[in-house]
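Okay, protein_27.pdb now, which holds PDB, C-alpha atoms:
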```pdb
MODEL        1
ATOM      1  CA  MET L   1     -23.700  -6.561 -29.775
ATOM      2  CA  LYS L   2     -24.910  -9.866 -28.322
ATOM      3  CA  GLU L   3     -28.377  -9.497 -26.861
ATOM      4  CA  LEU L   4     -28.333  -9.511 -23.046
ATOM      5  CA  PRO L   5     -30.589 -12.020 -21.224
ATOM      6  CA  ASN L   6     -33.744 -10.605 -19.672
ATOM      7  CA  PRO L   7     -33.171 -10.605 -15.876
ATOM      8  CA  LEU L   8     -36.936 -10.538 -15.282
ATOM      9  CA  GLN L   9     -37.681 -13.682 -17.325
ATOM     10  CA  SER L  10     -37.011 -16.165 -14.503
ATOM     11  CA  LEU L  11     -38.995 -14.032 -12.066
ATOM     12  CA  ASN L  12     -41.964 -13.908 -14.446
ATOM     13  CA  SER L  13     -41.889 -17.694 -14.788
ATOM     14  CA  LEU L  14     -41.792 -18.058 -11.023
ATOM     15  CA  GLY L  15     -44.749 -15.686 -10.705
ATOM     16  CA  ASP L  16     -46.762 -17.641 -13.292
ATOM     17  CA  GLY L  17     -46.178 -20.882 -11.369
ATOM     18  CA  ILE L  18     -47.281 -19.363  -8.070
ATOM     19  CA  THR L  19     -50.385 -17.878  -9.677
ATOM     20  CA  THR L  20     -51.360 -21.213 -11.303
ATOM     21  CA  LYS L  21     -51.070 -23.140  -8.024
ATOM     22  CA  ILE L  22     -53.083 -20.569  -6.081
ATOM     23  CA  ALA L  23     -55.751 -20.435  -8.787
ATOM     24  CA  GLY L  24     -56.117 -24.226  -8.522
ATOM     25  CA  LYS L  25     -56.550 -24.054  -4.751
ATOM     26  CA  ILE L  26     -59.114 -21.270  -5.030
ATOM     27  CA  SER L  27     -61.115 -23.203  -7.633
ATOM     28  CA  SER L  28     -61.162 -26.255  -5.361
ATOM     29  CA  LYS L  29     -62.371 -24.240  -2.351
ATOM     30  CA  ILE L  30     -65.095 -22.511  -4.364
ATOM     31  CA  SER L  31     -66.379 -25.894  -5.607
ATOM     32  CA  GLU L  32     -66.536 -27.217  -2.037
ATOM     33  CA  ILE L  33     -68.407 -24.136  -0.802
ATOM     34  CA  GLN L  34     -70.919 -24.386  -3.648
ATOM     35  CA  LYS L  35     -71.688 -28.019  -2.732
ATOM     36  CA  LEU L  36     -72.214 -27.134   0.926
ATOM     37  CA  ASN L  37     -74.389 -24.131   0.040
ATOM     38  CA  LYS L  38     -76.541 -26.366  -2.184
ATOM     39  CA  PHE L  39     -77.012 -28.860   0.638
ATOM     40  CA  VAL L  40     -78.034 -26.164   3.113
ATOM     41  CA  LYS L  41     -80.622 -24.746   0.665
ATOM     42  CA  LEU L  42     -82.127 -28.169  -0.083
ATOM     43  CA  PHE L  43     -82.391 -29.314   3.526
ATOM     44  CA  PRO L  44     -82.700 -26.156   5.639
ATOM     45  CA  LEU L  45     -84.795 -27.820   8.409
ATOM     46  CA  LYS L  46     -83.274 -31.303   8.549
ATOM     47  CA  LYS L  47     -80.722 -32.272  11.096
ATOM     48  CA  LYS L  48     -80.299 -28.848  12.595
ATOM     49  CA  ALA L  49     -77.070 -29.726  14.396
ATOM     50  CA  GLN L  50     -75.509 -31.066  11.180
ATOM     51  CA  SER L  51     -76.624 -27.933   9.296
ATOM     52  CA  LYS L  52     -74.920 -25.727  11.881
ATOM     53  CA  LYS L  53     -71.823 -27.850  11.552
ATOM     54  CA  ARG L  54     -71.849 -27.464   7.765
ATOM     55  CA  LEU L  55     -72.451 -23.685   8.033
ATOM     56  CA  LYS L  56     -69.481 -23.449  10.341
ATOM     57  CA  LYS L  57     -67.409 -25.376   7.811
ATOM     58  CA  ILE L  58     -68.573 -23.046   5.012
ATOM     59  CA  LYS L  59     -67.498 -20.036   7.087
ATOM     60  CA  ALA L  60     -64.095 -21.581   7.690
ATOM     61  CA  LEU L  61     -63.690 -22.398   3.990
ATOM     62  CA  ARG L  62     -64.648 -18.855   3.029
ATOM     63  CA  GLN L  63     -61.989 -17.532   5.399
ATOM     64  CA  VAL L  64     -59.355 -19.734   3.753
ATOM     65  CA  LEU L  65     -60.597 -18.596   0.348
ATOM     66  CA  ALA L  66     -60.262 -14.914   1.354
ATOM     67  CA  GLU L  67     -56.709 -15.475   2.540
ATOM     68  CA  GLU L  68     -55.639 -17.377  -0.566
ATOM     69  CA  SER L  69     -57.334 -14.941  -2.930
ATOM     70  CA  VAL L  70     -54.527 -12.444  -2.290
ATOM     71  CA  VAL L  71     -52.348 -13.722  -5.104
ATOM     72  CA  THR L  72     -48.684 -13.304  -4.354
ATOM     73  CA  LYS L  73     -47.116 -11.079  -7.003
ATOM     74  CA  PRO L  74     -43.745 -11.976  -8.510
ATOM     75  CA  PRO L  75     -40.855 -10.263  -6.711
ATOM     76  CA  SER L  76     -40.530  -6.709  -8.029
ATOM     77  CA  VAL L  77     -37.218  -5.519  -9.393
ATOM     78  CA  THR L  78     -36.264  -1.915  -8.639
ATOM     79  CA  LYS L  79     -34.410  -0.288 -11.482
ATOM     80  CA  LYS L  80     -30.885   0.535 -10.406
ATOM     81  CA  SER L  81     -30.012   4.221 -10.584
ATOM     82  CA  THR L  82     -27.679   5.186 -13.407
ATOM     83  CA  ILE L  83     -26.332   8.157 -11.405
ATOM     84  CA  GLN L  84     -22.839   7.760  -9.969
ATOM     85  CA  VAL L  85     -20.971  10.391  -7.912
ATOM     86  CA  TYR L  86     -17.261  10.343  -7.108
ATOM     87  CA  VAL L  87     -14.075  12.448  -7.107
ATOM     88  CA  ALA L  88     -12.465  12.723 -10.553
ATOM     89  CA  ARG L  89      -9.653  10.201 -10.843
ATOM     90  CA  ASP L  90      -7.531  11.699 -13.600
ATOM     91  CA  LEU L  91      -7.053  14.713 -15.868
ATOM     92  CA  SER L  92      -9.434  13.401 -18.529
ATOM     93  CA  GLU L  93     -12.294  13.296 -16.016
ATOM     94  CA  ILE L  94     -11.420  16.773 -14.756
ATOM     95  CA  LYS L  95     -11.622  17.981 -18.359
ATOM     96  CA  GLU L  96     -15.079  16.450 -18.677
ATOM     97  CA  ALA L  97     -16.184  18.494 -15.676
ATOM     98  CA  GLN L  98     -14.554  21.625 -17.105
ATOM     99  CA  ARG L  99     -16.307  21.041 -20.421
ATOM    100  CA  LEU L 100     -19.675  20.838 -18.666
ATOM    101  CA  ARG L 101     -18.859  24.058 -16.809
ATOM    102  CA  TYR L 102     -18.062  25.835 -20.085
ATOM    103  CA  ARG L 103     -21.293  24.620 -21.644
ATOM    104  CA  VAL L 104     -23.406  25.844 -18.705
ATOM    105  CA  PHE L 105     -21.592  29.068 -17.830
ATOM    106  CA  ALA L 106     -20.424  30.341 -21.225
ATOM    107  CA  GLU L 107     -22.856  28.883 -23.739
ATOM    108  CA  GLU L 108     -26.020  28.812 -21.643
ATOM    109  CA  MET L 109     -25.547  31.693 -19.181
ATOM    110  CA  GLY L 110     -23.353  33.923 -21.349
ATOM    111  CA  ALA L 111     -20.441  34.233 -18.914
ATOM    112  CA  SER L 112     -17.317  35.984 -20.189
ATOM    113  CA  LEU L 113     -14.685  33.257 -19.892
ATOM    114  CA  PRO L 114     -11.103  33.186 -21.210
ATOM    115  CA  PHE L 115     -10.783  31.539 -24.620
ATOM    116  CA  ASN L 116     -10.001  27.828 -24.516
ATOM    117  CA  ALA L 117      -9.431  25.818 -27.684
ATOM    118  CA  GLU L 118     -10.959  22.684 -26.110
ATOM    119  CA  GLY L 119     -14.089  24.464 -24.891
ATOM    120  CA  LEU L 120     -13.141  24.153 -21.223
ATOM    121  CA  ASP L 121     -13.696  26.433 -18.250
ATOM    122  CA  VAL L 122     -10.283  26.486 -16.565
ATOM    123  CA  ASP L 123      -8.856  28.809 -13.939
ATOM    124  CA  PHE L 124      -5.994  29.066 -11.447
ATOM    125  CA  PHE L 125      -7.813  27.258  -8.618
ATOM    126  CA  ASP L 126      -8.594  24.080 -10.585
ATOM    127  CA  ALA L 127      -5.123  22.607 -10.105
ATOM    128  CA  TYR L 128      -5.508  22.765  -6.306
ATOM    129  CA  CYS L 129      -9.053  21.385  -6.089
ATOM    130  CA  ASP L 130     -10.674  17.983  -5.948
ATOM    131  CA  HIS L 131     -13.353  17.736  -8.619
ATOM    132  CA  LEU L 132     -16.575  16.019  -7.610
ATOM    133  CA  ILE L 133     -18.486  14.740 -10.624
ATOM    134  CA  VAL L 134     -21.839  13.075 -11.235
ATOM    135  CA  ARG L 135     -21.908  10.659 -14.178
ATOM    136  CA  ASP L 136     -24.849   9.020 -15.896
ATOM    137  CA  THR L 137     -23.497   5.503 -16.375
ATOM    138  CA  GLU L 138     -26.069   4.821 -19.083
ATOM    139  CA  THR L 139     -25.055   7.710 -21.381
ATOM    140  CA  LEU L 140     -21.532   8.004 -19.873
ATOM    141  CA  GLN L 141     -21.998  11.792 -19.635
ATOM    142  CA  VAL L 142     -20.754  13.922 -16.766
ATOM    143  CA  VAL L 143     -23.988  15.670 -15.783
ATOM    144  CA  GLY L 144     -23.024  17.543 -12.633
ATOM    145  CA  THR L 145     -19.932  18.875 -10.887
ATOM    146  CA  TYR L 146     -18.489  20.711  -7.907
ATOM    147  CA  ARG L 147     -14.909  21.619  -7.360
ATOM    148  CA  VAL L 148     -13.779  21.393  -3.752
ATOM    149  CA  LEU L 149     -10.851  23.357  -2.300
ATOM    150  CA  PRO L 150      -9.690  21.692   0.941
ATOM    151  CA  PRO L 151      -8.128  23.905   3.652
ATOM    152  CA  GLU L 152      -4.637  22.444   3.190
ATOM    153  CA  GLN L 153      -4.634  23.480  -0.471
ATOM    154  CA  ALA L 154      -6.153  26.878   0.315
ATOM    155  CA  LYS L 155      -3.256  27.461   2.702
ATOM    156  CA  ILE L 156      -0.774  26.733  -0.093
ATOM    157  CA  ILE L 157      -2.517  29.216  -2.402
ATOM    158  CA  GLY L 158      -2.886  31.737   0.395
ATOM    159  CA  ARG L 159      -6.594  32.505  -0.135
ATOM    160  CA  LEU L 160     -10.026  31.232  -1.057
ATOM    161  CA  TYR L 161     -11.766  31.973  -4.321
ATOM    162  CA  SER L 162     -14.577  33.740  -2.452
ATOM    163  CA  GLU L 163     -12.074  36.205  -0.943
ATOM    164  CA  SER L 164     -11.963  37.886  -4.341
ATOM    165  CA  GLU L 165     -15.643  38.800  -3.833
ATOM    166  CA  PHE L 166     -16.124  39.079  -0.067
ATOM    167  CA  ASP L 167     -14.446  40.305   3.092
ATOM    168  CA  LEU L 168     -14.126  37.108   5.141
ATOM    169  CA  ALA L 169     -12.514  38.637   8.245
ATOM    170  CA  ARG L 170     -15.178  37.244  10.594
ATOM    171  CA  LEU L 171     -14.725  33.700   9.248
ATOM    172  CA  GLN L 172     -10.934  33.404   9.456
ATOM    173  CA  HIS L 173     -10.987  31.300  12.629
ATOM    174  CA  LEU L 174     -13.220  28.723  10.876
ATOM    175  CA  LEU L 175     -11.102  28.199   7.774
ATOM    176  CA  PRO L 176      -8.841  25.343   9.052
ATOM    177  CA  LYS L 177     -11.931  23.080   9.126
ATOM    178  CA  THR L 178     -13.632  24.566   6.068
ATOM    179  CA  VAL L 179     -13.860  23.347   2.480
ATOM    180  CA  GLU L 180     -14.747  25.840  -0.228
ATOM    181  CA  ILE L 181     -16.959  24.655  -3.057
ATOM    182  CA  GLY L 182     -17.340  26.394  -6.368
ATOM    183  CA  ARG L 183     -18.173  26.143 -10.055
ATOM    184  CA  SER L 184     -21.229  24.068  -9.180
ATOM    185  CA  CYS L 185     -23.400  23.237 -12.170
ATOM    186  CA  VAL L 186     -25.749  20.594 -13.536
ATOM    187  CA  HIS L 187     -26.482  19.657 -17.142
ATOM    188  CA  GLU L 188     -29.719  21.235 -18.368
ATOM    189  CA  ASP L 189     -31.368  17.833 -18.889
ATOM    190  CA  TYR L 190     -30.636  16.680 -15.329
ATOM    191  CA  ARG L 191     -31.710  19.571 -13.112
ATOM    192  CA  SER L 192     -33.797  17.419 -10.847
ATOM    193  CA  GLY L 193     -33.658  16.598  -7.182
ATOM    194  CA  GLY L 194     -31.880  13.318  -7.904
ATOM    195  CA  VAL L 195     -28.701  14.785  -9.403
ATOM    196  CA  ILE L 196     -28.573  17.658  -6.917
ATOM    197  CA  MET L 197     -28.965  15.277  -3.982
ATOM    198  CA  ALA L 198     -26.239  13.081  -5.493
ATOM    199  CA  LEU L 199     -23.890  16.071  -5.488
ATOM    200  CA  TRP L 200     -24.786  16.813  -1.886
ATOM    201  CA  ALA L 201     -24.383  13.195  -0.809
ATOM    202  CA  GLY L 202     -20.958  13.107  -2.493
ATOM    203  CA  LEU L 203     -19.934  16.316  -0.773
ATOM    204  CA  GLY L 204     -21.178  15.041   2.588
ATOM    205  CA  SER L 205     -19.179  11.825   2.224
ATOM    206  CA  TYR L 206     -16.104  13.841   1.204
ATOM    207  CA  MET L 207     -16.369  16.057   4.297
ATOM    208  CA  LYS L 208     -16.920  13.119   6.632
ATOM    209  CA  GLU L 209     -14.013  11.148   5.173
ATOM    210  CA  HIS L 210     -11.538  14.001   5.660
ATOM    211  CA  GLY L 211     -12.912  15.382   8.935
ATOM    212  CA  TYR L 212     -14.062  18.766   7.606
ATOM    213  CA  GLU L 213     -16.863  20.505   9.486
ATOM    214  CA  ILE L 214     -17.873  23.533   7.414
ATOM    215  CA  MET L 215     -18.694  24.200   3.775
ATOM    216  CA  LEU L 216     -18.377  27.660   2.264
ATOM    217  CA  GLY L 217     -19.256  28.681  -1.271
ATOM    218  CA  CYS L 218     -20.911  31.182  -3.577
ATOM    219  CA  ALA L 219     -24.424  30.345  -4.708
ATOM    220  CA  SER L 220     -24.737  32.138  -8.043
ATOM    221  CA  VAL L 221     -27.998  33.565  -9.351
ATOM    222  CA  PRO L 222     -28.159  34.655 -13.040
ATOM    223  CA  MET L 223     -28.920  38.315 -13.740
ATOM    224  CA  GLY L 224     -30.439  38.056 -17.189
ATOM    225  CA  ASP L 225     -33.312  40.275 -16.024
ATOM    226  CA  GLY L 226     -30.957  43.009 -14.865
ATOM    227  CA  GLY L 227     -30.825  41.815 -11.243
ATOM    228  CA  HIS L 228     -34.456  42.204 -10.107
ATOM    229  CA  PHE L 229     -34.837  38.485  -9.442
ATOM    230  CA  ALA L 230     -31.623  38.470  -7.367
ATOM    231  CA  ALA L 231     -32.717  41.562  -5.398
ATOM    232  CA  SER L 232     -36.091  39.991  -4.606
ATOM    233  CA  LEU L 233     -34.414  36.731  -3.628
ATOM    234  CA  ASN L 234     -32.078  38.667  -1.336
ATOM    235  CA  ARG L 235     -35.087  40.102   0.513
ATOM    236  CA  ILE L 236     -36.433  36.594   1.188
ATOM    237  CA  LEU L 237     -33.046  35.215   2.217
ATOM    238  CA  GLN L 238     -32.377  38.121   4.589
ATOM    239  CA  GLU L 239     -35.709  37.473   6.305
ATOM    240  CA  LYS L 240     -35.404  33.696   6.748
ATOM    241  CA  TYR L 241     -31.884  32.397   6.187
ATOM    242  CA  LEU L 242     -29.380  34.992   7.395
ATOM    243  CA  SER L 243     -26.428  33.755   9.466
ATOM    244  CA  ASP L 244     -25.684  34.990  12.981
ATOM    245  CA  ILE L 245     -23.969  38.367  13.028
ATOM    246  CA  GLU L 246     -20.573  36.918  14.056
ATOM    247  CA  TYR L 247     -20.455  35.050  10.723
ATOM    248  CA  ARG L 248     -21.454  37.985   8.555
ATOM    249  CA  THR L 249     -19.429  38.818   5.405
ATOM    250  CA  PHE L 250     -19.431  41.891   3.165
ATOM    251  CA  PRO L 251     -19.348  42.054  -0.659
ATOM    252  CA  LYS L 252     -16.468  43.938  -2.269
ATOM    253  CA  LEU L 253     -18.619  44.778  -5.300
ATOM    254  CA  PRO L 254     -22.159  44.891  -3.896
ATOM    255  CA  LEU L 255     -25.233  44.375  -6.009
ATOM    256  CA  PRO L 256     -26.969  47.821  -6.238
ATOM    257  CA  LEU L 257     -30.049  46.637  -4.354
ATOM    258  CA  ASP L 258     -31.484  50.130  -3.865
ATOM    259  CA  LYS L 259     -31.837  50.530  -7.649
ATOM    260  CA  LEU L 260     -33.567  47.197  -8.230
ATOM    261  CA  ASN L 261     -37.087  45.873  -7.738
ATOM    262  CA  SER L 262     -36.975  43.667  -4.645
ATOM    263  CA  SER L 263     -40.716  43.016  -4.336
ATOM    264  CA  LEU L 264     -41.060  40.134  -6.795
ATOM    265  CA  ASP L 265     -42.438  36.797  -5.632
ATOM    266  CA  VAL L 266     -39.529  34.442  -6.407
ATOM    267  CA  GLU L 267     -38.220  30.998  -5.522
ATOM    268  CA  PRO L 268     -34.524  30.134  -4.981
ATOM    269  CA  PRO L 269     -32.877  28.214  -7.859
ATOM    270  CA  PRO L 270     -32.758  24.423  -7.274
ATOM    271  CA  LEU L 271     -29.120  24.292  -6.140
ATOM    272  CA  LEU L 272     -29.519  27.152  -3.650
ATOM    273  CA  LYS L 273     -32.813  25.678  -2.472
ATOM    274  CA  GLY L 274     -30.917  22.458  -1.759
ATOM    275  CA  TYR L 275     -28.401  24.354   0.383
ATOM    276  CA  LEU L 276     -31.143  25.997   2.411
ATOM    277  CA  ARG L 277     -33.091  22.777   2.942
ATOM    278  CA  VAL L 278     -30.179  20.982   4.579
ATOM    279  CA  GLY L 279     -29.553  23.916   6.943
ATOM    280  CA  ALA L 280     -27.212  26.351   5.161
ATOM    281  CA  LYS L 281     -27.207  30.078   5.962
ATOM    282  CA  ILE L 282     -26.520  33.172   3.862
ATOM    283  CA  CYS L 283     -23.644  35.243   5.246
ATOM    284  CA  GLY L 284     -24.872  38.635   4.025
ATOM    285  CA  GLU L 285     -25.832  40.629   0.960
ATOM    286  CA  PRO L 286     -24.794  39.385  -2.494
ATOM    287  CA  ALA L 287     -21.781  40.411  -4.539
ATOM    288  CA  TRP L 288     -21.988  41.131  -8.247
ATOM    289  CA  ASP L 289     -19.735  39.027 -10.468
ATOM    290  CA  PRO L 290     -19.516  40.940 -13.800
ATOM    291  CA  ASP L 291     -17.627  38.143 -15.614
ATOM    292  CA  PHE L 292     -20.387  35.608 -15.002
ATOM    293  CA  ASN L 293     -23.124  38.279 -14.760
ATOM    294  CA  THR L 294     -24.425  36.703 -11.565
ATOM    295  CA  ALA L 295     -25.343  37.757  -8.064
ATOM    296  CA  ASP L 296     -23.298  35.616  -5.679
ATOM    297  CA  PHE L 297     -24.661  34.786  -2.239
ATOM    298  CA  LEU L 298     -21.951  33.538   0.131
ATOM    299  CA  THR L 299     -23.387  30.425   1.739
ATOM    300  CA  MET L 300     -22.105  28.645   4.849
ATOM    301  CA  PHE L 301     -23.110  25.221   6.073
ATOM    302  CA  ARG L 302     -22.014  23.301   9.172
ATOM    303  CA  LEU L 303     -22.429  19.534   9.301
ATOM    304  CA  SER L 304     -23.637  19.939  12.890
ATOM    305  CA  ASP L 305     -26.506  22.153  11.677
ATOM    306  CA  ILE L 306     -27.878  19.700   9.160
ATOM    307  CA  SER L 307     -31.646  19.309   9.081
ATOM    308  CA  PRO L 308     -32.559  15.813  10.396
ATOM    309  CA  LYS L 309     -34.947  15.377   7.460
ATOM    310  CA  TYR L 310     -32.048  15.489   4.989
ATOM    311  CA  ALA L 311     -29.234  14.025   7.096
ATOM    312  CA  LYS L 312     -29.701  10.499   5.747
ATOM    313  CA  HIS L 313     -29.332  11.783   2.153
ATOM    314  CA  PHE L 314     -26.508  14.251   2.702
ATOM    315  CA  LEU L 315     -24.510  11.994   5.019
ATOM    316  CA  ALA L 316     -25.127   8.765   3.093
ATOM    317  CA  ASN L 317     -22.100   6.506   2.647
TER     318      ASN L 317
ENDMDL
END
```

Please rewrite the model in this file as structure tokens.
Amino acid sequence: MKELPNPLQSLNSLGDGITTKIAGKISSKISEIQKLNKFVKLFPLKKKAQSKKRLKKIKALRQVLAEESVVTKPPSVTKKSTIQVYVARDLSEIKEAQRLRYRVFAEEMGASLPFNAEGLDVDFFDAYCDHLIVRDTETLQVVGTYRVLPPEQAKIIGRLYSESEFDLARLQHLLPKTVEIGRSCVHEDYRSGGVIMALWAGLGSYMKEHGYEIMLGCASVPMGDGGHFAASLNRILQEKYLSDIEYRTFPKLPLPLDKLNSSLDVEPPPLLKGYLRVGAKICGEPAWDPDFNTADFLTMFRLSDISPKYAKHFLAN
């Protein structure tokens, strides 16, 4: 491949020129000050008025020297982010997202998924969803994904995915303005705030563009420890992040909280922590998903409830 030109080369040359000119000025000023200082030392008592005049000139020269000593640095170049977020444009991109889901859920978390010869996580809802993906344009990998079920498509299906796990009777009146998100995951090498905020910014733009007001989705917590982490997390969420009672939901297969240790000192996983930071609420106690071996917390977020601190990130264009 032909070697690309260095975009910083011209800037470095410009910086060198600026530095050389300033250095010359500084050298000239220093020389002038040294001459005046020498004169003042040799003739401290002669021509008092002229000495004062020269001292005043020295002071002025020193001021100029101080100002010009701040060498202007070459313009800095901020590295452009390689993270890109958008809605999948064709089936091949959807398959990339499904392949990432399989890698995270089946291979990493041990979820029991239907066999797929291509190593994809595919289910009935995928055909009705928009698939939000985050791509690293440097490696070309899809490194994060959400699938988004808009209310029009949910009406065609006749239900939401989360209705298989929760009784949503108290939320029915909200559903015409609600998008359901699911299958959220991030590549293991990219679980940082940057990729998670990119997903949230993409989701915020999607909701704004289509006029949706509410997001609903299951935040899944792995149960590799038997569920003690999830039970302890539930205690914290119930204390600080529980929704108002009119938006409460009820798990169809509840996590057996009374048989688990709920006193551990735990932190929410990064994705759930992101939900809570922008203003999301937990709608009740978690459901147990035996296929994915996770505790699922139904999470609801209204755009109108967004935390001002995160609004500029979540609602970025």

Neighbouring residues of range 168-180 of chain L were defined as those with any atom within 9 Å, considering all atoms listed in the file; residues of the same chain fewer than 3 positions away were excluded. Please report them as a VMD selection string.
chain L and resid 147 to 152 154 to 155 160 to 163 207 211 to 218 246 to 250

Atomic separation - CA of Val278 in chain L relative to CA of Val266 in chain L, Å:
19.7 Å

Would you compute the distance between CA of Arg235 in chain L and CA of Trp200 in chain L? Give it in Å to one decimal.
25.6 Å

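Using all atoms listed in the file, the shortest contact distance between Ser164 in chain L and any of L:Leu253, L:Leu271, L:Ile94, L:Cys129 is found at L:Leu253.
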
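The closest residue to Asp130 in chain L, picked from L:Asn293, L:Ser262, L:Ser307, L:Thr145 and counting all atoms listed in the file, is L:Thr145.
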
Restricting the calculation to all atoms listed in the file: of L:Gly202, L:Leu298, L:Lys259, L:Ala287, which residue gets closest to Gly182 in chain L?
L:Leu298

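Across the structure, CA of Glu93 in chain L and CA of Leu132 in chain L are spaced 9.8 Å apart.
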
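Near Ser243 in chain L, within 6 Å and counting all atoms listed in the file, sit Lys281, Ile282 and Cys283 of chain L, not including residues fewer than 5 positions from it in the same chain.
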
On this structure, which residues satisfy the PyMOL selection byres ((chain L and resi 118) around 12), written as number ranges by chain?
L: 95-96, 98-100, 102-103, 114-117, 119-122

Please fill the gaps in range 248-267 of chain L so it has N, CA and C atoms, and write that as a PDB file, keeping the file's coordinate frame.
```
ATOM      1  N   ARG L 248     -21.035  37.131   9.663  1.00  0.00           N
ATOM      2  CA  ARG L 248     -21.454  37.985   8.555  1.00  0.00           C
ATOM      3  C   ARG L 248     -20.251  38.375   7.684  1.00  0.00           C
ATOM      4  N   THR L 249     -20.462  38.398   6.362  1.00  0.00           N
ATOM      5  CA  THR L 249     -19.429  38.818   5.405  1.00  0.00           C
ATOM      6  C   THR L 249     -19.968  39.996   4.594  1.00  0.00           C
ATOM      7  N   PHE L 250     -19.049  40.658   3.852  1.00  0.00           N
ATOM      8  CA  PHE L 250     -19.431  41.891   3.165  1.00  0.00           C
ATOM      9  C   PHE L 250     -18.891  41.878   1.737  1.00  0.00           C
ATOM     10  N   PRO L 251     -19.770  42.108   0.749  1.00  0.00           N
ATOM     11  CA  PRO L 251     -19.348  42.054  -0.659  1.00  0.00           C
ATOM     12  C   PRO L 251     -18.422  43.205  -1.023  1.00  0.00           C
ATOM     13  N   LYS L 252     -17.392  42.889  -1.818  1.00  0.00           N
ATOM     14  CA  LYS L 252     -16.468  43.938  -2.269  1.00  0.00           C
ATOM     15  C   LYS L 252     -17.066  44.735  -3.426  1.00  0.00           C
ATOM     16  N   LEU L 253     -17.887  44.090  -4.238  1.00  0.00           N
ATOM     17  CA  LEU L 253     -18.619  44.778  -5.300  1.00  0.00           C
ATOM     18  C   LEU L 253     -20.094  44.450  -5.093  1.00  0.00           C
ATOM     19  N   PRO L 254     -20.776  45.226  -4.250  1.00  0.00           N
ATOM     20  CA  PRO L 254     -22.159  44.891  -3.896  1.00  0.00           C
ATOM     21  C   PRO L 254     -23.109  45.028  -5.080  1.00  0.00           C
ATOM     22  N   LEU L 255     -24.146  44.220  -5.055  1.00  0.00           N
ATOM     23  CA  LEU L 255     -25.233  44.375  -6.009  1.00  0.00           C
ATOM     24  C   LEU L 255     -25.990  45.657  -5.628  1.00  0.00           C
ATOM     25  N   PRO L 256     -26.283  46.553  -6.579  1.00  0.00           N
ATOM     26  CA  PRO L 256     -26.969  47.821  -6.238  1.00  0.00           C
ATOM     27  C   PRO L 256     -28.443  47.587  -5.922  1.00  0.00           C
ATOM     28  N   LEU L 257     -28.696  47.050  -4.734  1.00  0.00           N
ATOM     29  CA  LEU L 257     -30.049  46.637  -4.354  1.00  0.00           C
ATOM     30  C   LEU L 257     -31.045  47.785  -4.330  1.00  0.00           C
ATOM     31  N   ASP L 258     -30.566  48.993  -3.975  1.00  0.00           N
ATOM     32  CA  ASP L 258     -31.484  50.130  -3.865  1.00  0.00           C
ATOM     33  C   ASP L 258     -32.018  50.589  -5.223  1.00  0.00           C
ATOM     34  N   LYS L 259     -31.401  50.134  -6.309  1.00  0.00           N
ATOM     35  CA  LYS L 259     -31.837  50.530  -7.649  1.00  0.00           C
ATOM     36  C   LYS L 259     -32.632  49.430  -8.351  1.00  0.00           C
ATOM     37  N   LEU L 260     -32.899  48.351  -7.628  1.00  0.00           N
ATOM     38  CA  LEU L 260     -33.567  47.197  -8.230  1.00  0.00           C
ATOM     39  C   LEU L 260     -34.912  46.929  -7.550  1.00  0.00           C
ATOM     40  N   ASN L 261     -35.789  46.257  -8.281  1.00  0.00           N
ATOM     41  CA  ASN L 261     -37.087  45.873  -7.738  1.00  0.00           C
ATOM     42  C   ASN L 261     -36.907  44.635  -6.859  1.00  0.00           C
ATOM     43  N   SER L 262     -37.160  44.780  -5.578  1.00  0.00           N
ATOM     44  CA  SER L 262     -36.975  43.667  -4.645  1.00  0.00           C
ATOM     45  C   SER L 262     -38.305  43.116  -4.125  1.00  0.00           C
ATOM     46  N   SER L 263     -39.394  43.427  -4.816  1.00  0.00           N
ATOM     47  CA  SER L 263     -40.716  43.016  -4.336  1.00  0.00           C
ATOM     48  C   SER L 263     -41.314  41.848  -5.109  1.00  0.00           C
ATOM     49  N   LEU L 264     -40.539  41.245  -6.004  1.00  0.00           N
ATOM     50  CA  LEU L 264     -41.060  40.134  -6.795  1.00  0.00           C
ATOM     51  C   LEU L 264     -41.240  38.882  -5.934  1.00  0.00           C
ATOM     52  N   ASP L 265     -42.212  38.068  -6.314  1.00  0.00           N
ATOM     53  CA  ASP L 265     -42.438  36.797  -5.632  1.00  0.00           C
ATOM     54  C   ASP L 265     -41.592  35.740  -6.345  1.00  0.00           C
ATOM     55  N   VAL L 266     -40.483  35.330  -5.733  1.00  0.00           N
ATOM     56  CA  VAL L 266     -39.529  34.442  -6.407  1.00  0.00           C
ATOM     57  C   VAL L 266     -39.220  33.224  -5.534  1.00  0.00           C
ATOM     58  N   GLU L 267     -38.674  32.215  -6.193  1.00  0.00           N
ATOM     59  CA  GLU L 267     -38.220  30.998  -5.522  1.00  0.00           C
ATOM     60  C   GLU L 267     -36.723  30.847  -5.754  1.00  0.00           C
TER      61      GLU L 267
END
```
